[in-house]
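A.B. asks: Provided below: input-v4.txt, containing compact mmCIF, C-alpha atoms.
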# COMPACT_ATOMS: atom_id res chain seq x y z
CA LYS A 506 5.81 21.07 16.16
CA THR A 507 7.17 18.10 14.16
CA VAL A 508 4.19 15.86 14.97
CA ARG A 509 1.86 18.75 14.11
CA GLU A 510 3.54 19.08 10.72
CA ILE A 511 3.29 15.32 10.07
CA PHE A 512 -0.38 15.50 11.12
CA LYS A 513 -1.16 17.98 8.33
CA TYR A 514 0.26 15.72 5.64
CA SER A 515 -1.25 12.65 7.28
CA ASN A 516 -4.72 14.12 6.80
CA LEU A 517 -4.14 14.09 3.05
CA ILE A 518 -2.87 10.52 3.08
CA PHE A 519 -5.79 9.40 5.29
CA LEU A 520 -8.35 10.68 2.75
CA TYR A 521 -6.36 9.31 -0.21
CA ALA A 522 -6.23 5.87 1.42
CA LEU A 523 -9.89 6.03 2.50
CA SER A 524 -11.17 6.73 -1.01
CA HIS A 525 -8.73 4.47 -2.86
CA SER A 526 -8.91 1.49 -0.51
CA TYR A 527 -12.69 1.71 -0.19
CA LEU A 528 -13.14 1.84 -3.95
CA ALA A 529 -10.64 -0.97 -4.68
CA THR A 530 -12.26 -3.28 -2.10
CA CYS A 531 -15.72 -2.48 -3.47
CA PHE A 532 -14.43 -3.31 -6.94
CA ALA A 533 -12.96 -6.63 -5.73
CA ILE A 534 -16.23 -7.68 -4.06
CA ASP A 535 -18.60 -6.26 -6.68
CA LEU A 536 -16.78 -7.82 -9.66
CA LYS A 537 -16.76 -11.22 -7.91
CA ILE A 538 -20.50 -10.93 -7.17
CA GLN A 539 -21.06 -10.02 -10.85
CA GLY A 540 -19.39 -13.31 -11.81
CA TYR A 541 -15.98 -12.16 -13.10
CA GLU A 542 -13.12 -14.66 -12.73
CA GLU A 543 -10.22 -13.96 -10.38
CA ARG A 544 -7.80 -13.54 -13.31
CA TYR A 545 -9.82 -10.60 -14.66
CA ILE A 546 -10.41 -9.09 -11.22
CA GLY A 547 -6.65 -9.31 -10.54
CA LEU A 548 -5.78 -7.78 -13.92
CA SER A 549 -8.09 -4.78 -13.54
CA LEU A 550 -6.99 -4.02 -9.96
CA SER A 551 -3.30 -4.47 -10.84
CA LEU A 552 -3.38 -1.39 -13.10
CA TRP A 553 -2.92 0.65 -9.90
CA GLY A 554 0.65 -0.63 -9.80
CA VAL A 555 1.26 0.34 -13.44
CA GLY A 556 -0.09 3.83 -12.71
CA VAL A 557 2.19 4.25 -9.71
CA ILE A 558 5.23 3.18 -11.76
CA PHE A 559 4.36 5.81 -14.38
CA GLY A 560 3.83 8.39 -11.62
CA ALA A 561 7.19 7.63 -10.00
CA ILE A 562 9.02 7.83 -13.34
CA LEU A 563 7.31 11.15 -14.18
CA HIS A 564 7.79 12.57 -10.67
CA ASN A 565 10.85 14.77 -11.24
CA LEU A 566 9.58 16.00 -14.61
CA VAL A 567 6.24 17.03 -13.09
CA ARG A 568 7.93 18.66 -10.09
CA LYS A 569 9.93 20.95 -12.39
CA LYS A 570 6.66 22.33 -13.76
CA LEU A 571 4.21 22.17 -10.83
CA ASN A 572 4.42 22.41 -7.05
CA LEU A 573 2.83 19.89 -4.66
CA PHE A 574 -0.31 21.98 -4.09
CA SER A 575 -1.05 22.12 -7.83
CA THR A 576 -0.62 18.38 -8.40
CA ILE A 577 -2.70 17.44 -5.34
CA LEU A 578 -5.48 19.78 -6.45
CA PHE A 579 -5.45 18.63 -10.09
CA GLY A 580 -5.11 14.97 -9.06
CA SER A 581 -8.14 15.17 -6.76
CA ILE A 582 -10.24 16.87 -9.46
CA ILE A 583 -9.31 14.12 -11.96
CA GLN A 584 -10.04 11.32 -9.47
CA LEU A 585 -13.38 12.85 -8.49
CA SER A 586 -14.37 13.15 -12.16
CA PHE A 587 -13.54 9.49 -12.87
CA SER A 588 -15.32 8.26 -9.72
CA ILE A 589 -18.62 9.69 -10.97
CA ILE A 590 -18.52 7.21 -13.91
CA PHE A 591 -19.12 4.35 -11.46
CA LEU A 592 -22.53 5.74 -10.56
CA ILE A 593 -23.54 4.58 -14.06
CA ASP A 594 -21.63 1.33 -14.68
CA GLN A 595 -19.01 -0.99 -13.17
CA ASN A 596 -16.94 -3.42 -15.22
CA THR A 597 -13.34 -4.61 -15.39
CA PHE A 598 -12.39 -2.15 -18.15
CA LEU A 599 -13.61 0.90 -16.19
CA VAL A 600 -12.02 -0.43 -13.01
CA ALA A 601 -8.67 -0.82 -14.79
CA ILE A 602 -8.79 2.79 -16.08
CA MET A 603 -9.71 4.17 -12.64
CA GLN A 604 -6.96 2.19 -10.91
CA PHE A 605 -4.41 3.41 -13.46
CA VAL A 606 -5.41 7.08 -13.07
CA MET A 607 -5.47 6.88 -9.26
CA GLY A 608 -2.05 5.19 -9.31
CA ILE A 609 -0.41 7.95 -11.37
CA THR A 610 -1.84 10.90 -9.43
CA SER A 611 -1.29 9.31 -6.02
CA ALA A 612 2.31 8.33 -6.74
CA ILE A 613 3.41 11.83 -7.78
CA ASN A 614 2.03 13.35 -4.57
CA SER A 615 2.89 10.59 -2.09
CA LEU A 616 6.44 10.28 -3.40
CA THR A 617 7.07 13.99 -2.79
CA LEU A 618 5.69 13.79 0.77
CA GLU A 619 7.58 10.62 1.71
CA THR A 620 10.86 11.94 0.28
CA TYR A 621 10.35 15.20 2.16
CA ILE A 622 9.71 13.41 5.47
CA SER A 623 12.63 10.97 5.01
CA SER A 624 15.01 13.84 4.20
CA LYS A 625 13.85 16.36 6.83
CA PHE A 626 13.43 13.94 9.74
CA ARG A 627 16.28 11.62 8.82
CA LYS A 628 17.31 10.53 12.34
CA SER A 629 13.77 9.43 13.26
CA SER A 630 12.48 8.72 9.77
CA GLY A 631 11.25 5.23 10.73
CA PHE A 632 8.99 6.63 13.44
CA TYR A 633 7.63 9.52 11.39
CA ILE A 634 7.12 7.43 8.25
CA SER A 635 5.27 4.86 10.40
CA LEU A 636 3.00 7.67 11.70
CA PHE A 637 2.48 8.83 8.13
CA TRP A 638 1.66 5.31 6.90
CA SER A 639 -0.56 4.72 9.94
CA SER A 640 -2.80 7.47 8.57
CA ALA A 641 -3.05 5.49 5.34
CA GLY A 642 -3.87 2.39 7.36
CA LEU A 643 -6.56 4.27 9.27
CA GLY A 644 -8.06 5.42 5.98
CA ALA A 645 -8.03 1.87 4.62
CA ILE A 646 -9.75 0.32 7.64
CA THR A 647 -12.32 3.13 7.74
CA GLY A 648 -13.21 2.16 4.17
CA SER A 649 -13.57 -1.47 5.29
CA LEU A 650 -15.82 -0.34 8.17
CA ILE A 651 -18.15 1.40 5.71
CA ILE A 652 -18.32 -1.81 3.64
CA ALA A 653 -18.99 -3.83 6.81
CA ILE A 654 -21.96 -1.56 7.58
CA ASN A 655 -23.31 -0.90 4.09
CA GLY A 656 -22.15 -3.87 2.01
CA ILE A 657 -22.36 -3.55 -1.79
CA ASN A 658 -25.57 -1.90 -2.96
CA ASN A 659 -27.00 1.13 -4.80
CA PHE A 660 -25.34 3.57 -2.34
CA THR A 661 -21.83 2.08 -2.60
CA TYR A 662 -20.45 4.31 -5.34
CA TYR A 663 -22.23 7.45 -4.11
CA ILE A 664 -20.25 7.01 -0.88
CA ALA A 665 -17.05 6.77 -2.96
CA VAL A 666 -17.84 10.09 -4.69
CA ILE A 667 -18.34 11.73 -1.26
CA PHE A 668 -14.92 10.44 -0.14
CA PHE A 669 -13.27 12.01 -3.19
CA PHE A 670 -15.02 15.31 -2.44
CA LEU A 671 -13.51 15.24 1.07
CA HIS A 672 -9.98 15.49 -0.43
CA PHE A 673 -10.51 19.20 -0.95
CA ILE A 674 -10.90 20.01 2.78
CA PRO A 675 -7.24 19.48 3.85
CA ILE A 676 -5.98 20.67 0.44
CA PHE A 677 -7.37 24.16 1.08
CA LEU A 678 -7.10 24.08 4.88
CA PHE A 679 -3.34 23.35 4.79
CA ARG A 680 -2.58 24.99 1.43
CA PHE A 681 0.11 27.34 2.81
CA SER A 682 2.09 24.48 4.42
CA ILE A 683 1.73 22.32 1.30
CA LYS A 684 3.01 25.12 -0.95
CA GLN A 685 6.19 25.38 1.16
CA ILE A 686 7.18 21.73 0.61
CA ASN A 687 10.14 21.43 -1.70
CA ILE A 688 12.51 18.55 -2.38
CA GLU A 689 15.63 18.12 -4.48
CA ASN A 690 14.58 17.56 -8.09
CA VAL A 691 17.81 16.21 -9.48
CA SER A 692 18.01 13.97 -12.52
CA ILE A 693 19.72 10.79 -11.32
CA LYS A 694 21.25 8.23 -13.62
CA LEU A 695 21.01 4.60 -12.63
CA SER A 696 24.64 4.15 -11.62
CA LYS A 697 26.03 0.69 -10.91
CA ASP A 698 27.19 1.82 -7.46
CA VAL A 699 23.75 3.06 -6.42
CA LEU A 700 22.04 -0.05 -7.79
CA ASN A 701 24.49 -2.40 -6.05
CA LYS A 702 23.70 -0.83 -2.67
CA ILE A 703 19.97 -1.58 -2.86
CA LYS A 704 19.28 -4.12 -5.66
CA TYR A 705 18.52 -7.12 -3.42
CA LEU A 706 16.34 -4.98 -1.16
CA LEU A 707 14.43 -3.81 -4.23
CA MET A 708 13.93 -7.45 -5.28
CA CYS A 709 12.43 -8.05 -1.83
CA VAL A 710 10.18 -5.04 -2.32
CA VAL A 711 8.90 -6.44 -5.64
CA LEU A 712 7.86 -9.59 -3.77
CA PHE A 713 6.31 -7.55 -0.91
CA GLY A 714 4.32 -5.62 -3.48
CA ALA A 715 3.07 -8.90 -4.95
CA CYS A 716 2.12 -10.16 -1.48
CA ASP A 717 0.41 -6.90 -0.51
CA ALA A 718 -1.57 -6.25 -3.70
CA GLY A 719 -2.24 -9.93 -4.40
CA PHE A 720 -3.69 -10.43 -0.92
CA SER A 721 -5.78 -7.25 -0.78
CA SER A 722 -7.11 -7.76 -4.34
CA LEU A 723 -8.05 -11.44 -4.08
CA PHE A 724 -8.67 -12.16 -0.37
CA PRO A 725 -12.26 -10.83 -0.75
CA SER A 726 -12.80 -13.32 -3.61
CA TYR A 727 -11.40 -16.11 -1.43
CA LEU A 728 -13.77 -15.24 1.42
CA LEU A 729 -16.76 -15.05 -0.93
CA GLU A 730 -15.82 -18.52 -2.26
CA GLU A 731 -15.78 -19.69 1.38
CA SER A 732 -19.42 -18.46 1.69
CA TYR A 733 -18.76 -15.26 3.64
CA SER A 734 -21.01 -12.29 2.81
CA ASP A 735 -19.86 -8.88 1.52
CA LYS A 736 -20.46 -7.34 4.97
CA GLN A 737 -18.48 -10.12 6.68
CA VAL A 738 -15.58 -9.45 4.27
CA GLY A 739 -15.72 -5.80 5.34
CA ARG A 740 -15.79 -6.75 9.05
CA ILE A 741 -12.78 -9.07 8.76
CA ASN A 742 -10.74 -6.44 6.91
CA PHE A 743 -11.79 -3.66 9.31
CA LEU A 744 -11.07 -5.53 12.54
CA ALA A 745 -7.81 -7.03 11.23
CA GLY A 746 -6.66 -3.64 9.96
CA LEU A 747 -7.61 -1.95 13.24
CA ILE A 748 -5.56 -4.40 15.32
CA ALA A 749 -2.53 -3.98 13.04
CA LEU A 750 -2.88 -0.20 13.01
CA VAL A 751 -3.00 0.20 16.81
CA PHE A 752 0.46 -1.35 17.17
CA TYR A 753 2.08 -0.03 13.99
CA PRO A 754 3.61 3.26 15.31
CA PHE A 755 5.52 1.24 17.93
CA MET A 756 7.23 -0.61 15.08
CA GLY A 757 8.64 2.71 13.83
CA LYS A 758 10.45 3.19 17.17
CA LEU A 759 11.77 -0.39 17.09
CA VAL A 760 13.10 0.01 13.54
CA ASP A 761 14.89 3.27 14.47
CA ASN A 762 16.54 1.83 17.58
CA TYR A 763 17.02 -1.95 17.23
CA ASN A 764 18.51 -4.54 14.89
CA LYS A 765 16.49 -4.53 11.68
CA THR A 766 17.62 -7.99 10.56
CA ILE A 767 16.41 -9.63 13.77
CA ILE A 768 13.08 -7.76 13.64
CA PHE A 769 12.61 -8.69 9.98
CA ASN A 770 13.38 -12.41 10.44
CA THR A 771 11.30 -12.72 13.59
CA PHE A 772 8.18 -11.30 11.99
CA CYS A 773 8.63 -13.28 8.78
CA PHE A 774 9.06 -16.54 10.73
CA ILE A 775 5.91 -15.90 12.78
CA ASN A 776 4.11 -15.02 9.55
CA PHE A 777 5.02 -18.44 8.09
CA VAL A 778 3.19 -20.05 11.02
CA ASN A 779 0.40 -17.52 10.60
CA LEU A 780 -0.14 -18.40 6.91
CA PHE A 781 -0.22 -22.15 7.67
CA ILE A 782 -2.94 -21.48 10.26
CA LEU A 783 -4.92 -19.54 7.65
CA TYR A 784 -4.49 -22.43 5.20
CA PHE A 785 -5.79 -25.10 7.58
CA ILE A 786 -8.44 -23.26 9.63
CA ASN A 787 -11.55 -21.56 8.22
CA ASP A 788 -12.99 -19.47 11.06
CA PHE A 789 -14.21 -15.85 11.22
CA TYR A 790 -12.26 -14.95 14.39
CA VAL A 791 -9.10 -16.81 13.32
CA TYR A 792 -9.19 -14.83 10.07
CA ILE A 793 -9.35 -11.55 11.99
CA ILE A 794 -6.33 -12.33 14.22
CA CYS A 795 -4.18 -13.96 11.54
CA VAL A 796 -4.97 -11.41 8.83
CA ALA A 797 -4.16 -8.65 11.36
CA PHE A 798 -0.71 -10.16 11.85
CA TYR A 799 -0.30 -10.58 8.08
CA TYR A 800 -1.06 -6.86 7.55
CA TYR A 801 1.27 -5.94 10.41
CA THR A 802 4.09 -8.01 8.91
CA ILE A 803 3.61 -6.40 5.49
CA GLY A 804 3.82 -2.95 7.13
CA THR A 805 6.89 -3.98 9.13
CA VAL A 806 8.91 -5.36 6.22
CA PHE A 807 8.04 -2.37 4.03
CA LEU A 808 9.12 0.01 6.80
CA ILE A 809 12.43 -1.81 7.32
CA THR A 810 13.39 -1.88 3.63
CA PHE A 811 12.24 1.74 3.17
CA ASN A 812 14.30 2.79 6.18
CA ILE A 813 17.44 0.91 5.02
CA VAL A 814 17.18 2.38 1.50
CA GLY A 815 16.81 5.90 2.94
CA LYS A 816 19.86 5.50 5.20
CA LYS A 817 22.11 3.79 2.66
CA LEU A 818 21.74 6.66 0.18
CA GLU A 819 22.82 10.24 0.76
CA GLY A 820 21.76 13.66 -0.57
CA GLY A 821 19.82 13.84 -3.81
CA VAL A 822 20.29 10.10 -4.38
CA ILE A 823 17.64 9.46 -1.70
CA VAL A 824 15.05 10.67 -4.24
CA PHE A 825 16.14 7.88 -6.57
CA GLY A 826 16.22 5.35 -3.73
CA ILE A 827 12.67 6.09 -2.61
CA ALA A 828 11.47 6.26 -6.21
CA GLY A 829 13.18 2.90 -6.78
CA HIS A 830 11.40 1.52 -3.71
CA TYR A 831 8.11 2.85 -5.07
CA ILE A 832 8.63 1.44 -8.55
CA SER A 833 9.76 -1.96 -7.22
CA GLU A 834 6.76 -2.18 -4.91
CA ASN A 835 4.39 -1.47 -7.75
CA ILE A 836 6.02 -3.84 -10.20
CA GLY A 837 4.99 -6.37 -7.54
CA SER A 838 1.58 -4.70 -7.25
CA PHE A 839 1.06 -5.33 -10.97
CA LEU A 840 2.49 -8.86 -11.09
CA GLY A 841 0.95 -10.10 -7.82
CA PRO A 842 -2.79 -9.87 -8.59
CA ASN A 843 -2.21 -11.18 -12.13
CA LEU A 844 -0.07 -14.20 -11.25
CA ILE A 845 -1.97 -15.07 -8.08
CA GLY A 846 -5.32 -14.48 -9.82
CA ASN A 847 -4.41 -16.97 -12.55
CA ILE A 848 -3.18 -19.57 -10.06
CA VAL A 849 -6.25 -19.41 -7.78
CA ASN A 850 -8.41 -19.54 -10.88
CA ILE A 851 -7.13 -23.13 -11.19
CA ASP A 852 -7.82 -23.92 -7.53
CA ILE A 853 -8.84 -21.40 -4.85
CA ASN A 854 -7.15 -23.58 -2.21
CA TYR A 855 -3.72 -22.54 -3.53
CA PHE A 856 -4.33 -19.01 -2.20
CA PHE A 857 -2.38 -19.10 1.10
CA LEU A 858 0.24 -21.55 -0.24
CA ILE A 859 1.32 -18.94 -2.79
CA PHE A 860 2.10 -16.43 -0.01
CA ILE A 861 4.05 -19.02 2.00
CA PHE A 862 6.28 -19.58 -1.05
CA LEU A 863 6.69 -15.83 -1.69
CA TYR A 864 7.69 -15.16 1.93
CA PHE A 865 10.26 -17.93 1.72
CA LEU A 866 11.88 -16.12 -1.24
CA ILE A 867 11.69 -12.77 0.59
CA VAL A 868 13.56 -14.11 3.64
CA LEU A 869 16.28 -15.62 1.44
CA LEU A 870 16.81 -12.39 -0.54
CA PHE A 871 16.79 -10.09 2.49
CA ASN A 872 19.30 -12.15 4.46
CA PHE A 873 21.55 -12.55 1.43
CA ASN A 874 21.54 -8.74 1.11
CA GLN A 875 22.36 -8.24 4.80
CA ILE A 876 25.22 -10.77 4.76
CA LYS A 877 26.60 -9.31 1.51
CA ASN A 878 26.52 -5.77 2.98
CA GLY A 879 28.27 -6.17 6.30
CA GLY A 880 26.98 -9.30 7.94
CA PRO A 881 23.66 -10.34 9.52
CA SER A 882 23.92 -7.71 12.25
CA GLY A 883 21.63 -5.42 10.24
CA THR A 884 21.76 -1.70 9.57
Rewrite the structure of this file - the entire thing - as structure tokens.
C.D. replies:
Amino acid sequence: KTVREIFKYSNLIFLYALSHSYLATCFAIDLKIQGYEERYIGLSLSLWGVGVIFGAILHNLVRKKLNLFSTILFGSIIQLSFSIIFLIDQNTFLVAIMQFVMGITSAINSLTLETYISSKFRKSSGFYISLFWSSAGLGAITGSLIIAINGINNFTYYIAVIFFFLHFIPIFLFRFSIKQINIENVSIKLSKDVLNKIKYLLMCVVLFGACDAGFSSLFPSYLLEESYSDKQVGRINFLAGLIALVFYPFMGKLVDNYNKTIIFNTFCFINFVNLFILYFINDFYVYIICVAFYYYTIGTVFLITFNIVGKKLEGGVIVFGIAGHYISENIGSFLGPNLIGNIVNIDINYFFLIFIFLYFLIVLLFNFNQIKNGGPSGT
């Protein structure tokens, strides 16, 4: 019964991720082909993060007025309407507006669902959240598969419009279950005690957000600079994402049952080696394997910090904790593409070196937090 319930909500997240990831990757490739510099591509795509921050801040206010079904329905109508604009024109200004709108509407709905799952299935929240996020991963790699097959051409944005139309199938199919979802909508002040429990984790999450959004926004530009085609970019992202996705639910079980600090440090250390390999070796198949591990590591560290935040905070405060996680991630999602875009604009070869440096900071912050809060044994 529990898995069946998660499956219903996962359908929504799958279609959200499919449409959003497909469109963002198309933007990244298309704008590069049109001749825009990385700094402007990064800026326009980073408005997703700003939108999500606004959505997370507005979440409780919106929930007092509208239930989840209403906001999902209205959000999908708004996103569909904006997507039609790209049948006419594509430029950095329009991309920025679309990313901002998608960020706001997605955050309000996803935050409700993730808070609901973390609260209702608290003992196994790592596993169920990993299943939930796996649906998002499946949506993202499906978008990459379409790009691998179709590339960027006259049909690209018509496909995007079709994906946004598909949102309405699970919305109406599962409308009764969606209408029953309710979470605590308490107004929570930013108390010093609450902040002290999670502040270093949230700093880590800012850096993860920068790594995640910076990589996904600008890796297509890097590959195009290395003379890969738009379809090859799609193939690398699809195959890497597929490999990471197959193993991701197992990570949820590990996080629920084993030492989180050891898991975190192990994956980050291997990812250091992984990023050095990416820096020194330019090969299609090496990119697939190493990028798969990079995506898997990003998913792992997000899951661990999300899980620790959820278990450190009790009752209504969990809403603040998850909102704080969301906001921190998307501060990084805004800063990452902008800072990294400006740096690689100077020299594209700095691309992987930036992520090596960011991961070094992440490991320092996370372990400082774990030692400060009870020793390196983890949570």
A.B. asks: So that I can see what lies close to Leu678 (chain A), please list as a PDB file with C-alpha atoms, keeping the file's coordinate frame the residues with an atom at most 12 Å from it, counting all atoms listed in the file and leaving out residues fewer than 6 positions away in the same chain.
C.D. replies:
ATOM      1  CA  LYS A 513      -1.160  17.980   8.330  1.00  0.00           C
ATOM      2  CA  TYR A 514       0.260  15.720   5.640  1.00  0.00           C
ATOM      3  CA  ASN A 516      -4.720  14.120   6.800  1.00  0.00           C
ATOM      4  CA  LEU A 517      -4.140  14.090   3.050  1.00  0.00           C
ATOM      5  CA  PHE A 574      -0.310  21.980  -4.090  1.00  0.00           C
ATOM      6  CA  LEU A 671     -13.510  15.240   1.070  1.00  0.00           C
ATOM      7  CA  HIS A 672      -9.980  15.490  -0.430  1.00  0.00           C
ATOM      8  CA  LYS A 684       3.010  25.120  -0.950  1.00  0.00           C
TER       9      LYS A 684
END
A.B. asks: Using all atoms listed in the file, determine which residues lie at most 9 Å from region 603-617 of chain A, disregarding the query and same-chain residues fewer than 2 positions distant; provide the list as an MDAnalysis selection string.
C.D. replies: chainID A and resid 518 521 525 529 549:565 567:568 573:574 576:577 579:581 583:584 587:588 598:601 619:622 686:688 824 827:828 831
A.B. asks: Just checking: using all atoms listed in the file, which residue out of A:Asn659, A:Cys531, A:Gly547, A:Phe798 ends up closest to Asn847 (chain A)?
C.D. replies: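 The closest residue to Asn847 (chain A) is A:Gly547.
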A.B. asks: With distances taken over all atoms listed in the file, which residue among A:Thr810, A:Leu783, A:Phe752, A:Leu618 lies nearest Ile683 (chain A)?
C.D. replies: A:Leu618
A.B. asks: Calculate how many Å separate CA of Phe857 (chain A) from CA of Tyr784 (chain A), rounding to one decimal.
C.D. replies: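 Distance reported for this atom pair: 5.7 Å.
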A.B. asks: Which residues are close to Leu840 (chain A), i.e. within 8 Å by all atoms listed in the file, leaving aside same-chain residues fewer than 3 positions away? Reply as a tab-separated table (two decimals) with C-alpha atoms, in the frame of the given file.
C.D. replies:
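Generated output (result23.tsv):
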chain	number	residue	atom	x	y	z
A	551	SER	CA	-3.30	-4.47	-10.84
A	715	ALA	CA	3.07	-8.90	-4.95
A	836	ILE	CA	6.02	-3.84	-10.20
A	837	GLY	CA	4.99	-6.37	-7.54
A	843	ASN	CA	-2.21	-11.18	-12.13
A	844	LEU	CA	-0.07	-14.20	-11.25
A.B. asks: Rounded to one decimal in Å, what is the spacing between CA of Ile786 (chain A) and CA of Tyr733 (chain A)?
C.D. replies: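 So the two atoms, CA of Ile786 (chain A) and CA of Tyr733 (chain A), lie 14.4 Å apart.
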A.B. asks: Skipping near chain neighbours, those fewer than 2 positions away, what residues fall within 12 Å of Phe777 (chain A) using all atoms listed in the file, listed as a PyMOL selection string?
C.D. replies: chain A and resi 770-775+779-784+795+798-799+802+857-868
A.B. asks: What does the distance between CA of Tyr541 (chain A) and CA of Ala653 (chain A) come to in Å, to one decimal place?
C.D. replies: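 CA of Ala653 (chain A) lies at a distance of 21.8 Å from CA of Tyr541 (chain A).
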A.B. asks: From the list A:Ile768, A:Ile651, A:Thr805, A:Asn812, which residue is nearest Gln737 (chain A) when using all atoms listed in the file?
C.D. replies: A:Ile651
A.B. asks: Could you list as a ChimeraX atom specification every residue that has an atom within 10 Å of (-2.0, 4.2, 3.6), using the file's coordinates and counting all atoms listed in the file?
C.D. replies: /A:515,518-523,525-526,615,635,637-646,804
A.B. asks: Would you fill the gaps in region 528-545 of chain A so it has N, CA and C atoms, then print it as a PDB file, in the frame of the given file?
C.D. replies:
ATOM      1  N   LEU A 528     -12.721   2.098  -2.581  1.00  0.00           N
ATOM      2  CA  LEU A 528     -13.140   1.840  -3.950  1.00  0.00           C
ATOM      3  C   LEU A 528     -12.554   0.531  -4.474  1.00  0.00           C
ATOM      4  N   ALA A 529     -11.272   0.263  -4.201  1.00  0.00           N
ATOM      5  CA  ALA A 529     -10.640  -0.970  -4.680  1.00  0.00           C
ATOM      6  C   ALA A 529     -11.286  -2.207  -4.063  1.00  0.00           C
ATOM      7  N   THR A 530     -11.611  -2.142  -2.756  1.00  0.00           N
ATOM      8  CA  THR A 530     -12.260  -3.280  -2.100  1.00  0.00           C
ATOM      9  C   THR A 530     -13.672  -3.482  -2.630  1.00  0.00           C
ATOM     10  N   CYS A 531     -14.379  -2.384  -2.864  1.00  0.00           N
ATOM     11  CA  CYS A 531     -15.720  -2.480  -3.470  1.00  0.00           C
ATOM     12  C   CYS A 531     -15.634  -3.118  -4.852  1.00  0.00           C
ATOM     13  N   PHE A 532     -14.630  -2.709  -5.622  1.00  0.00           N
ATOM     14  CA  PHE A 532     -14.430  -3.310  -6.940  1.00  0.00           C
ATOM     15  C   PHE A 532     -14.215  -4.820  -6.813  1.00  0.00           C
ATOM     16  N   ALA A 533     -13.310  -5.217  -5.894  1.00  0.00           N
ATOM     17  CA  ALA A 533     -12.960  -6.630  -5.730  1.00  0.00           C
ATOM     18  C   ALA A 533     -14.193  -7.471  -5.390  1.00  0.00           C
ATOM     19  N   ILE A 534     -15.028  -6.958  -4.477  1.00  0.00           N
ATOM     20  CA  ILE A 534     -16.230  -7.680  -4.060  1.00  0.00           C
ATOM     21  C   ILE A 534     -17.301  -7.644  -5.151  1.00  0.00           C
ATOM     22  N   ASP A 535     -17.530  -6.454  -5.696  1.00  0.00           N
ATOM     23  CA  ASP A 535     -18.600  -6.260  -6.680  1.00  0.00           C
ATOM     24  C   ASP A 535     -18.345  -7.077  -7.953  1.00  0.00           C
ATOM     25  N   LEU A 536     -17.106  -7.063  -8.444  1.00  0.00           N
ATOM     26  CA  LEU A 536     -16.780  -7.820  -9.660  1.00  0.00           C
ATOM     27  C   LEU A 536     -16.941  -9.315  -9.434  1.00  0.00           C
ATOM     28  N   LYS A 537     -16.581  -9.799  -8.233  1.00  0.00           N
ATOM     29  CA  LYS A 537     -16.760 -11.220  -7.910  1.00  0.00           C
ATOM     30  C   LYS A 537     -18.253 -11.563  -7.867  1.00  0.00           C
ATOM     31  N   ILE A 538     -19.052 -10.701  -7.247  1.00  0.00           N
ATOM     32  CA  ILE A 538     -20.500 -10.930  -7.170  1.00  0.00           C
ATOM     33  C   ILE A 538     -21.111 -10.940  -8.583  1.00  0.00           C
ATOM     34  N   GLN A 539     -20.573 -10.072  -9.472  1.00  0.00           N
ATOM     35  CA  GLN A 539     -21.060 -10.020 -10.850  1.00  0.00           C
ATOM     36  C   GLN A 539     -20.669 -11.245 -11.667  1.00  0.00           C
ATOM     37  N   GLY A 540     -19.749 -12.068 -11.130  1.00  0.00           N
ATOM     38  CA  GLY A 540     -19.390 -13.310 -11.810  1.00  0.00           C
ATOM     39  C   GLY A 540     -18.081 -13.284 -12.573  1.00  0.00           C
ATOM     40  N   TYR A 541     -17.289 -12.216 -12.421  1.00  0.00           N
ATOM     41  CA  TYR A 541     -15.980 -12.160 -13.100  1.00  0.00           C
ATOM     42  C   TYR A 541     -15.009 -13.153 -12.445  1.00  0.00           C
ATOM     43  N   GLU A 542     -14.129 -13.740 -13.252  1.00  0.00           N
ATOM     44  CA  GLU A 542     -13.120 -14.660 -12.730  1.00  0.00           C
ATOM     45  C   GLU A 542     -11.991 -13.881 -12.050  1.00  0.00           C
ATOM     46  N   GLU A 543     -11.286 -14.596 -11.142  1.00  0.00           N
ATOM     47  CA  GLU A 543     -10.220 -13.960 -10.380  1.00  0.00           C
ATOM     48  C   GLU A 543      -9.131 -13.369 -11.286  1.00  0.00           C
ATOM     49  N   ARG A 544      -8.861 -14.034 -12.413  1.00  0.00           N
ATOM     50  CA  ARG A 544      -7.800 -13.540 -13.310  1.00  0.00           C
ATOM     51  C   ARG A 544      -8.128 -12.152 -13.847  1.00  0.00           C
ATOM     52  N   TYR A 545      -9.413 -11.904 -14.126  1.00  0.00           N
ATOM     53  CA  TYR A 545      -9.820 -10.600 -14.660  1.00  0.00           C
ATOM     54  C   TYR A 545      -9.947  -9.557 -13.550  1.00  0.00           C
TER      55      TYR A 545
END
